[in-house]
Structures are given as structure tokens and as C-alpha cells.
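Student: Okay, handing you the structure first.
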Amino acid sequence: MILLIGNWKMAPKKSTEALSLAKKTLEIARKYKKSIKIVSCIPSIHIPFISKTIKNTLYIGGQSVSASTEEAQTGLISAEMLASYGTSHCIVGHSESRERGETDEQVLSSTLLLLQKKITPIICIGEKQRDAQGWYLSTVKSQIESIVLGIPKAQLKKIVFAYEPIWAIGKNAAREATPVECREMLIFIRKVISDIVDIKTANTISILYGGSVNEQNGTSFILEGGANGLLVGRISLDAKRFEQLAKTLSLVS
Ligand code: 13P
């Protein structure tokens with residue numbers, strides 16, 4: 001089963017547009033449910049009414065969660081709140097949140113709180129840029145270590161990593177990553193996990209690819225890149241293109 005996650009980021013602007021997009025995405029999720037699990041990570045303000053209208057088949061996810069249960073945190077939402085609306089997944093450590101100050105320690109705390117509430121954490125990791133000497137590998141390694149060392153082994157199979165090279169994300173991306181670059185990094189990620197725990201555990205963790213994924217390049221990150229699924233930004237806001245992506249994935253799953 002391929003995991004296809006849409007990260008809507010701070011869109012759509014209006015509640016009516018959000019509901020319409022959720023309904024269209026639900027149709028896509030229904031159509032391809034035998035081979036693809038679709039999760040829409042939507043802005044938290046849209047979660048209550050969309051989760052009320054959309055039940056089953058389409059999984060609703062959050063985009064961030066507080067790293068603590070302390071109530072005095074203006075503007076944040078807790079894992080318990082997400083759980084109370086039936087949220088199944090939540091992104092943590094997205095590069096855009098890290099850019100706003102989210103630390104590795106907070107990413108770990110948020111992950112543990114989500115696991116307590118039986119919400120699947122989608123933990124984003126990835127380097128800002130690549131260098132010929134391979135120093136970028138140490139950035140990714142320390143992001144992985146800070147998570148894997150802090151989670152009980154039995155819980156590790158419940159987390160999902162998403163490798164998102166920051167240089168390949170969004171409309172200002174330097175370029176698209178190649179499936180070979182994706183494959184090499186996924187091998188590296190599993191090796192780092194396996195050095196901390198064991199190969200079996202490392203192989204059970206799902207690893208997604210994200211960064212300028214579209215209906216043309218999506219399958220190559222699965223087939224050649226070795227990813228277990230995709231984390232998609234812009235294309236998840238365009239139901240036609242998202243459906244096309246889902247269709248191509250269903251043919252290779
Ligand atoms: P794009 O697919 O728009 O490059 O965004 C990727 C991303 O950040 C998903 O979390």
C-alpha cells in the first residue's frame with residue numbers, strides 16, 4: 001500500500017474551498033483505496049468541519065502540534081485536540097516549521113505526544129543544500145538520531161519519516177531531486193536507524209519522499225527511489241493533478 005500524503009500548507013484560503021477540495025480528494029481516495037492510502041494534512045482551522053463531513057477512506061491529518069501539554073501556549077494546538085477530531089496523522093518537523101524555530105527536541109516531544117494519542121507522526125527530515133564533501137549527510141543523521149534514540153523500540157514501527165530535501169521544495173526549488181538521489185538517501189536513513197536499533201526495525205519504518213512531486217515524477221520516486229510513499233505540497237491543492245498522480249501510483253503499487 002503506497003502512502004500518499006497531501007500537505008495543504010496554508011491553503012485553501014476559504015472554508016468553502018477547503019471543503020470542496022476535501023470532497024474531491026475523498027473521491028480520489030475512494031477510487032484508489034485498494035492500492036493507495038491518501039491522507040490530507042490540512043490547516044488546523046479546517047479540521048473540525050472537514051472531519052465532521054469527511055469520514056472514512058480519506059484520512060485527515062494535522063500539519064503541526066505542540067511539543068508539550070502545558071495549556072499556556074497561545075496559538076498552539078495539542079495532540080489531544082487533534083485526536084478528539086479523529087485526526088489520524090500529523091506532520092512534525094517540516095522544514096518550514098523548523099525555519100520558524102522548531103527544534104529537534106521539540107520534534108521528538110511532539111512525536112511522543114502524538115504516539116500517546118495514537119496519531120501517526122510524519123517526521124520530516126532533510127538538508128538545506130548539498131555539498132560535494134557530503135557534509136549534508138551529518139545534518140540528516142543527527143535529525144534521525146534525535147528521534148530514534150528518544151523513542152522506545154516497540155513504538156518505532158509506528159512512525160513515518162519523510163525525506164524532504166529543502167532545496168527541492170516549493171515553487172522556488174533549486175531543482176527537482178533525482179530518484180537516484182532519493183534512493184541513496186533512503187539507504188542512508190535506514191542504515192542510520194539500523195545502527196541505532198537493528199535492521200529489522202529499520203526496514204519496518206515507512207520512509208516517504210517529498211519535494212516538487214508531481215504526476216510525472218511521482219512513480220519514479222517509488223520505483224527507482226525506493227520510497228514507501230510521497231509527501232506532496234502544491235499538487236495536493238489541484239484535484240485533477242492529484243488524481244493523475246494517484247492513478248499513476250495505483251498502476252505501480
Ligand atoms: P511541494 O510539493 O510544493 O514542493 O512541497 C513539498 C512539501 O513541502 C511537502 O511537505
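To be explicit about the labels: the chains of the C-alpha cells are called A, B, and onward in the order shown, and within each one the residues are counted from 1, while ligands get numbers from 1 in the order they are shown.
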Could you write out, as a ChimeraX atom specification, all the residues of range 128-228 of chain A that DSSP marks as alpha helix (DSSP H)?

Tutor: /A:136-148,153-156,179-196,199-204,218-223

Student: Could you give me, as a PyMOL selection string, every polymer residue with an atom at most 8 Å away from an atom of ligand 1, counting only C-alpha atoms and all ligand atoms?

Tutor: chain A and resi 6-7+9+94-96+124+164+166+168-171+173+210-214+231-236

Student: Sort by chain and increasing residue number a table of all residues of range 94-119 of chain A within 12 Å of range 158-161 of chain A, each with its closest pair of atoms and their distance in Å to one decimal, counting only C-alpha atoms, and write it as CSV.

Tutor:
```
residue,atom,partner,partner_atom,distance
A:His94,CA,A:Phe161,CA,10.8
A:Val107,CA,A:Phe161,CA,12.0
A:Leu108,CA,A:Ile159,CA,11.2
A:Ser110,CA,A:Ile159,CA,11.9
A:Thr111,CA,A:Ile159,CA,8.2
A:Leu112,CA,A:Ile159,CA,9.9
A:Leu114,CA,A:Ile159,CA,9.8
A:Leu115,CA,A:Lys158,CA,7.8
A:Gln116,CA,A:Lys158,CA,11.0
A:Lys117,CA,A:Lys158,CA,11.9
A:Lys118,CA,A:Lys158,CA,8.9
A:Ile119,CA,A:Lys158,CA,9.0
```

Student: Of the candidates A:Val252, A:Ile125, A:Ala174, A:Ala239, which shows the shortest atom-to-atom distance to Glu27 in chain A, using only C-alpha atoms?

Tutor: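 Ranked by minimum distance to Glu27 in chain A, first place goes to A:Ala239.
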
Student: Considering only C-alpha atoms, return as a list in words whatever protein or nucleic-acid residues lie within 10 Å of Leu156 in chain A, sequence-local ones (same chain, fewer than 2 positions apart) excluded.

Tutor: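 So, after excluding close chain neighbours, the residues are Leu115, Ile147, Val148, Leu149, Gly150, Ile151, Pro152, Lys153, Ala154, Lys158, Ile159, Val160, Ile193, Val197, Thr201, Ala202, Thr204 and Ile205 of chain A.
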
Student: Which residues are near Ile38 in chain A? Cut-off 10 Å, only C-alpha atoms, ignore same chain within fewer than 2 positions. Put them as a list in words.

Tutor: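 After dropping sequence-adjacent residues, the list is Ile2, Leu3, Leu4, Ile5, Gly6, Thr25, Leu26, Ile28, Ala29, Arg30, Tyr32, Lys33, Ser35, Ile36, Ser40, Cys41, Thr57, Leu58, Tyr59, Ile60, Gly229, Leu230 and Ala246 of chain A.
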
Student: Please write the residues from the selection above to a file, keeping N, CA and C atoms, as a PDB file, in the first residue's frame.

Tutor:
```
ATOM      1  N   ILE A   2       0.716   2.080  -0.998  1.00  0.00           N
ATOM      2  CA  ILE A   2       1.506   3.320  -1.075  1.00  0.00           C
ATOM      3  C   ILE A   2       0.811   4.404  -0.252  1.00  0.00           C
ATOM      4  N   LEU A   3       1.594   5.124   0.535  1.00  0.00           N
ATOM      5  CA  LEU A   3       1.039   6.221   1.330  1.00  0.00           C
ATOM      6  C   LEU A   3       1.206   7.525   0.542  1.00  0.00           C
ATOM      7  N   LEU A   4       0.085   8.168   0.263  1.00  0.00           N
ATOM      8  CA  LEU A   4       0.137   9.434  -0.491  1.00  0.00           C
ATOM      9  C   LEU A   4      -0.415  10.529   0.411  1.00  0.00           C
ATOM     10  N   ILE A   5       0.474  11.403   0.839  1.00  0.00           N
ATOM     11  CA  ILE A   5       0.066  12.435   1.799  1.00  0.00           C
ATOM     12  C   ILE A   5       0.076  13.801   1.135  1.00  0.00           C
ATOM     13  N   GLY A   6      -1.032  14.487   1.241  1.00  0.00           N
ATOM     14  CA  GLY A   6      -1.113  15.850   0.735  1.00  0.00           C
ATOM     15  C   GLY A   6      -0.874  16.821   1.884  1.00  0.00           C
ATOM     16  N   THR A  25     -10.920  15.208  -2.958  1.00  0.00           N
ATOM     17  CA  THR A  25      -9.848  14.289  -2.553  1.00  0.00           C
ATOM     18  C   THR A  25     -10.437  12.984  -2.015  1.00  0.00           C
ATOM     19  N   LEU A  26     -11.581  13.106  -1.346  1.00  0.00           N
ATOM     20  CA  LEU A  26     -12.260  11.907  -0.842  1.00  0.00           C
ATOM     21  C   LEU A  26     -12.634  10.983  -2.002  1.00  0.00           C
ATOM     22  N   ILE A  28     -11.128  10.728  -4.848  1.00  0.00           N
ATOM     23  CA  ILE A  28      -9.884  10.107  -5.334  1.00  0.00           C
ATOM     24  C   ILE A  28      -9.473   8.967  -4.386  1.00  0.00           C
ATOM     25  N   ALA A  29      -9.592   9.249  -3.089  1.00  0.00           N
ATOM     26  CA  ALA A  29      -9.212   8.234  -2.094  1.00  0.00           C
ATOM     27  C   ALA A  29     -10.075   6.987  -2.249  1.00  0.00           C
ATOM     28  N   ARG A  30     -11.372   7.202  -2.517  1.00  0.00           N
ATOM     29  CA  ARG A  30     -12.292   6.057  -2.687  1.00  0.00           C
ATOM     30  C   ARG A  30     -11.914   5.248  -3.918  1.00  0.00           C
ATOM     31  N   TYR A  32      -9.087   4.858  -5.453  1.00  0.00           N
ATOM     32  CA  TYR A  32      -7.808   4.123  -5.456  1.00  0.00           C
ATOM     33  C   TYR A  32      -7.510   3.447  -4.124  1.00  0.00           C
ATOM     34  N   LYS A  33      -8.549   3.249  -3.303  1.00  0.00           N
ATOM     35  CA  LYS A  33      -8.300   2.782  -1.930  1.00  0.00           C
ATOM     36  C   LYS A  33      -7.665   1.386  -1.844  1.00  0.00           C
ATOM     37  N   SER A  35      -5.101   0.320  -3.498  1.00  0.00           N
ATOM     38  CA  SER A  35      -3.640   0.343  -3.599  1.00  0.00           C
ATOM     39  C   SER A  35      -2.981   1.551  -2.944  1.00  0.00           C
ATOM     40  N   ILE A  36      -3.779   2.587  -2.640  1.00  0.00           N
ATOM     41  CA  ILE A  36      -3.163   3.795  -2.082  1.00  0.00           C
ATOM     42  C   ILE A  36      -3.937   4.267  -0.861  1.00  0.00           C
ATOM     43  N   SER A  40      -4.892  13.669   3.914  1.00  0.00           N
ATOM     44  CA  SER A  40      -4.781  15.114   3.654  1.00  0.00           C
ATOM     45  C   SER A  40      -4.419  15.823   4.950  1.00  0.00           C
ATOM     46  N   CYS A  41      -3.236  16.426   4.968  1.00  0.00           N
ATOM     47  CA  CYS A  41      -2.819  17.203   6.148  1.00  0.00           C
ATOM     48  C   CYS A  41      -3.250  18.637   5.917  1.00  0.00           C
ATOM     49  N   THR A  57     -12.197   6.337   4.534  1.00  0.00           N
ATOM     50  CA  THR A  57     -11.451   6.366   3.266  1.00  0.00           C
ATOM     51  C   THR A  57     -10.398   7.467   3.187  1.00  0.00           C
ATOM     52  N   LEU A  58     -10.807   8.729   3.349  1.00  0.00           N
ATOM     53  CA  LEU A  58      -9.810   9.804   3.354  1.00  0.00           C
ATOM     54  C   LEU A  58      -9.400  10.062   4.806  1.00  0.00           C
ATOM     55  N   TYR A  59      -8.106   9.993   5.037  1.00  0.00           N
ATOM     56  CA  TYR A  59      -7.600  10.237   6.381  1.00  0.00           C
ATOM     57  C   TYR A  59      -7.247  11.711   6.515  1.00  0.00           C
ATOM     58  N   ILE A  60      -7.629  12.293   7.647  1.00  0.00           N
ATOM     59  CA  ILE A  60      -7.334  13.715   7.870  1.00  0.00           C
ATOM     60  C   ILE A  60      -6.141  13.839   8.819  1.00  0.00           C
ATOM     61  N   GLY A 229       6.165   5.957  -0.089  1.00  0.00           N
ATOM     62  CA  GLY A 229       5.045   6.853  -0.356  1.00  0.00           C
ATOM     63  C   GLY A 229       5.563   8.248  -0.635  1.00  0.00           C
ATOM     64  N   LEU A 230       4.641   9.187  -0.772  1.00  0.00           N
ATOM     65  CA  LEU A 230       5.019  10.544  -1.165  1.00  0.00           C
ATOM     66  C   LEU A 230       4.350  11.578  -0.276  1.00  0.00           C
ATOM     67  N   ALA A 246      -2.340   9.981  -8.253  1.00  0.00           N
ATOM     68  CA  ALA A 246      -2.864   8.774  -7.599  1.00  0.00           C
ATOM     69  C   ALA A 246      -3.019   7.644  -8.614  1.00  0.00           C
TER      70      ALA A 246
END
```

Student: Could you check which of A:Ile196, A:Met1, A:Leu19, A:Leu223 is closest to Thr53 in chain A, using only C-alpha atoms?

Tutor: A:Leu19

Student: Would you list the contacts of Thr248 in chain A as a list in words, taking every protein, DNA or RNA residue within 8 Å and counting only C-alpha atoms, but skipping same-chain residues closer than 4 positions in sequence?

Tutor: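 Contacts, in chain order: Glu215, Gly218, Thr219, Gln244 and Val252 of chain A.
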
Student: Leaving out Phe188 in chain A and any residue of its chain fewer than 3 positions from it, which residues lie within 12 Å of it when counting only C-alpha atoms, given as a list of chain:residue names?

Tutor: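 Near neighbours after the sequence-gap exclusion: A:Gly126, A:Gly134, A:Tyr136, A:Leu137, A:Ser138, A:Val140, A:Lys141, A:Ile144, A:Tyr163, A:Glu181, A:Cys182, A:Arg183, A:Glu184, A:Met185, A:Lys191, A:Val192, A:Ile193, A:Ser194, A:Asp195, A:Ala202, A:Ile207, A:Gly226.
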
Student: Would you please work out which residue, of A:Leu21, A:Ile199, A:Val180, A:Cys90, is nearest to Ser44 in chain A when using only C-alpha atoms?

Tutor: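 Going through A:Leu21, A:Ile199, A:Val180, A:Cys90 one by one, the smallest distance to Ser44 in chain A is for A:Cys90.
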
Student: Among range 5-199 of chain A, which residues carry a DSSP assignment of strand (DSSP E), reported as a list in words?

Tutor: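 Reading the DSSP output for range 5-199 of chain A, strand (DSSP E) covers Ile5, Gly6, Asn7, Ile36, Lys37, Ile38, Val39, Ser40, Cys41, Tyr59, Ile60, Gly61, Gly62, His89, Cys90, Ile91, Val92, Thr120, Pro121, Ile122, Ile123, Cys124, Ile125, Val160, Phe161, Ala162 and Tyr163 of chain A.
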
Student: Report the distance between CA of His89 in chain A and CA of Pro121 in chain A in Å, rounded to one decimal place.

Tutor: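 We find that CA of His89 in chain A and CA of Pro121 in chain A lie 5.8 Å from each other.
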
Student: What is the CA of Lys23 in chain A to CA of Ser97 in chain A distance in Å?

Tutor: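 So the two atoms, CA of Lys23 in chain A and CA of Ser97 in chain A, lie 27.2 Å apart.
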
Student: Using Å and a single decimal, report how far CA of Glu105 in chain A sits from CA of Ile47 in chain A.

Tutor: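 Interatomic distance, CA of Ile47 in chain A to CA of Glu105 in chain A: 26.2 Å.
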
Student: Neighbouring residues of Ala227 in chain A were defined as those with any atom within 6 Å, considering only C-alpha atoms; residues of the same chain fewer than 2 positions away were excluded. Please report them as a ChimeraX atom specification.

Tutor: /A:207-209,221-222,225,229

Student: Please determine, counting only C-alpha atoms, which residue among A:Asn56, A:Gln216, A:Gln129, A:Ser142 has the shortest atom-to-atom distance to Arg175 in chain A.

Tutor: A:Gln129
